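Colleague: Please see the structure below; I have some questions.
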Amino acid sequence: MTYFPRPSRRIFTLASALVAGAALAPSIADAQVAQVSPQMRSEAMALMQICRGDYDRLCGGVQPGGGRILACLQSHANQLSAACAQSMPRAEALKNNAAASGVMPK
């Protein structure tokens, strides 16, 4: 049997924080469950890989959710690696798209 290692939980935590998780209920009163599109998830995972070192170094203690990790990274803009800093506009756009589609609180 071939064993494929599972990605670390921390990888998924960061990606989830960037786009509010794989699927979140917008509110208890709303019976619909919104889901992140495969494209949005893929982009979030790519951004997470770019910014993982910065996340670990600068924002590892930040509770994921509600855009807090993105806000933390943005608050440390002058300390980010060049690649992560360049990805911040796309991360912000993904966050905005997630909020607009109801997969994260506005």
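To be explicit about the labels: the chains of the structure tokens are called A, B, and onward in the order shown, and within each one the residues are counted from 1, while ligands get numbers from 1 in the order they are shown.
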Need to verify the contact set: segment 87-90 of chain A, 9 Å, only C-alpha atoms, exclusion of same-chain residues closer than 6 positions in sequence. Can you return it as a VMD selection string?
Modeller: chain A and resid 43 47 50 to 51 70 73 to 74 77
Colleague: Could those selected residues go to a file with N, CA and C atoms, as a short mmCIF file (atom, residue, chain, number, x, y, z; two decimals), in the first residue's frame?
Modeller:
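After the write, part00.cif holds the following:
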data_model
loop_
_atom_site.label_atom_id
_atom_site.label_comp_id
_atom_site.auth_asym_id
_atom_site.auth_seq_id
_atom_site.Cartn_x
_atom_site.Cartn_y
_atom_site.Cartn_z
N GLU A 43 -6.33 28.97 -5.35
CA GLU A 43 -5.60 30.23 -5.24
C GLU A 43 -5.19 30.49 -3.80
N LEU A 47 -1.41 31.00 -2.37
CA LEU A 47 -1.01 32.16 -1.56
C LEU A 47 -0.47 31.73 -0.21
N ILE A 50 3.05 30.67 -0.49
CA ILE A 50 3.93 31.82 -0.67
C ILE A 50 4.21 32.50 0.66
N CYS A 51 3.18 32.62 1.49
CA CYS A 51 3.28 33.40 2.73
C CYS A 51 3.47 32.56 3.99
N LEU A 70 -4.92 37.51 7.45
CA LEU A 70 -4.61 38.46 6.38
C LEU A 70 -4.34 39.84 6.97
N LEU A 73 -0.88 39.81 8.53
CA LEU A 73 0.18 39.90 7.51
C LEU A 73 0.25 41.31 6.95
N GLN A 74 -0.90 41.92 6.68
CA GLN A 74 -0.90 43.28 6.14
C GLN A 74 -0.34 44.28 7.14
N ALA A 77 3.43 44.56 6.83
CA ALA A 77 3.79 44.68 5.41
C ALA A 77 5.28 44.95 5.21
#
Colleague: What does the distance from atom CA of Ala93 of chain A to atom CA of Arg41 of chain A come to in Å, to one decimal?
Modeller: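 It comes out at 13.1 Å.
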Colleague: Taking only C-alpha atoms into account, which of A:Asn96, A:Cys59, A:Ala91, A:Pro64 comes nearest Ala46 of chain A?
Modeller: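 Once distances to Ala46 of chain A are computed over only C-alpha atoms, the minimum belongs to A:Ala91.
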Colleague: Taking only C-alpha atoms into account, name the residue in A:Met40, A:Leu58, A:Leu94, A:Met48 that is nearest to Leu80 of chain A.
Modeller: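 Among the listed residues, the smallest separation from Leu80 of chain A belongs to A:Leu58.
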Colleague: What's around Ser81 of chain A at 8 Å? Count only C-alpha atoms, leave out sequence neighbours fewer than 2 positions away in its own chain, and write the answer as a short mmCIF file (atom, residue, chain, number, x, y, z; two decimals) with C-alpha atoms, in the first residue's frame.
Modeller:
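As a result, result-v2.cif now contains:
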data_model
loop_
_atom_site.label_atom_id
_atom_site.label_comp_id
_atom_site.auth_asym_id
_atom_site.auth_seq_id
_atom_site.Cartn_x
_atom_site.Cartn_y
_atom_site.Cartn_z
CA CYS A 51 3.28 33.40 2.73
CA ASP A 54 5.81 34.99 7.06
CA GLN A 79 8.49 42.75 7.34
CA ALA A 83 6.93 37.20 -2.67
CA CYS A 84 4.38 37.39 0.15
CA ALA A 85 4.18 41.18 -0.07
#
Colleague: State, in Å with one decimal place, the distance from atom CA of Met104 of chain A to atom CA of Gly67 of chain A.
Modeller: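 Computing the Euclidean distance for atom CA of Met104 of chain A and atom CA of Gly67 of chain A yields 8.4 Å.
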Colleague: As an exercise, work out the distance from atom CA of Gln39 of chain A to atom CA of Asn78 of chain A in Å and give it to one decimal place.
Modeller: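 Value for the atom CA of Gln39 of chain A-atom CA of Asn78 of chain A distance: 29.1 Å.
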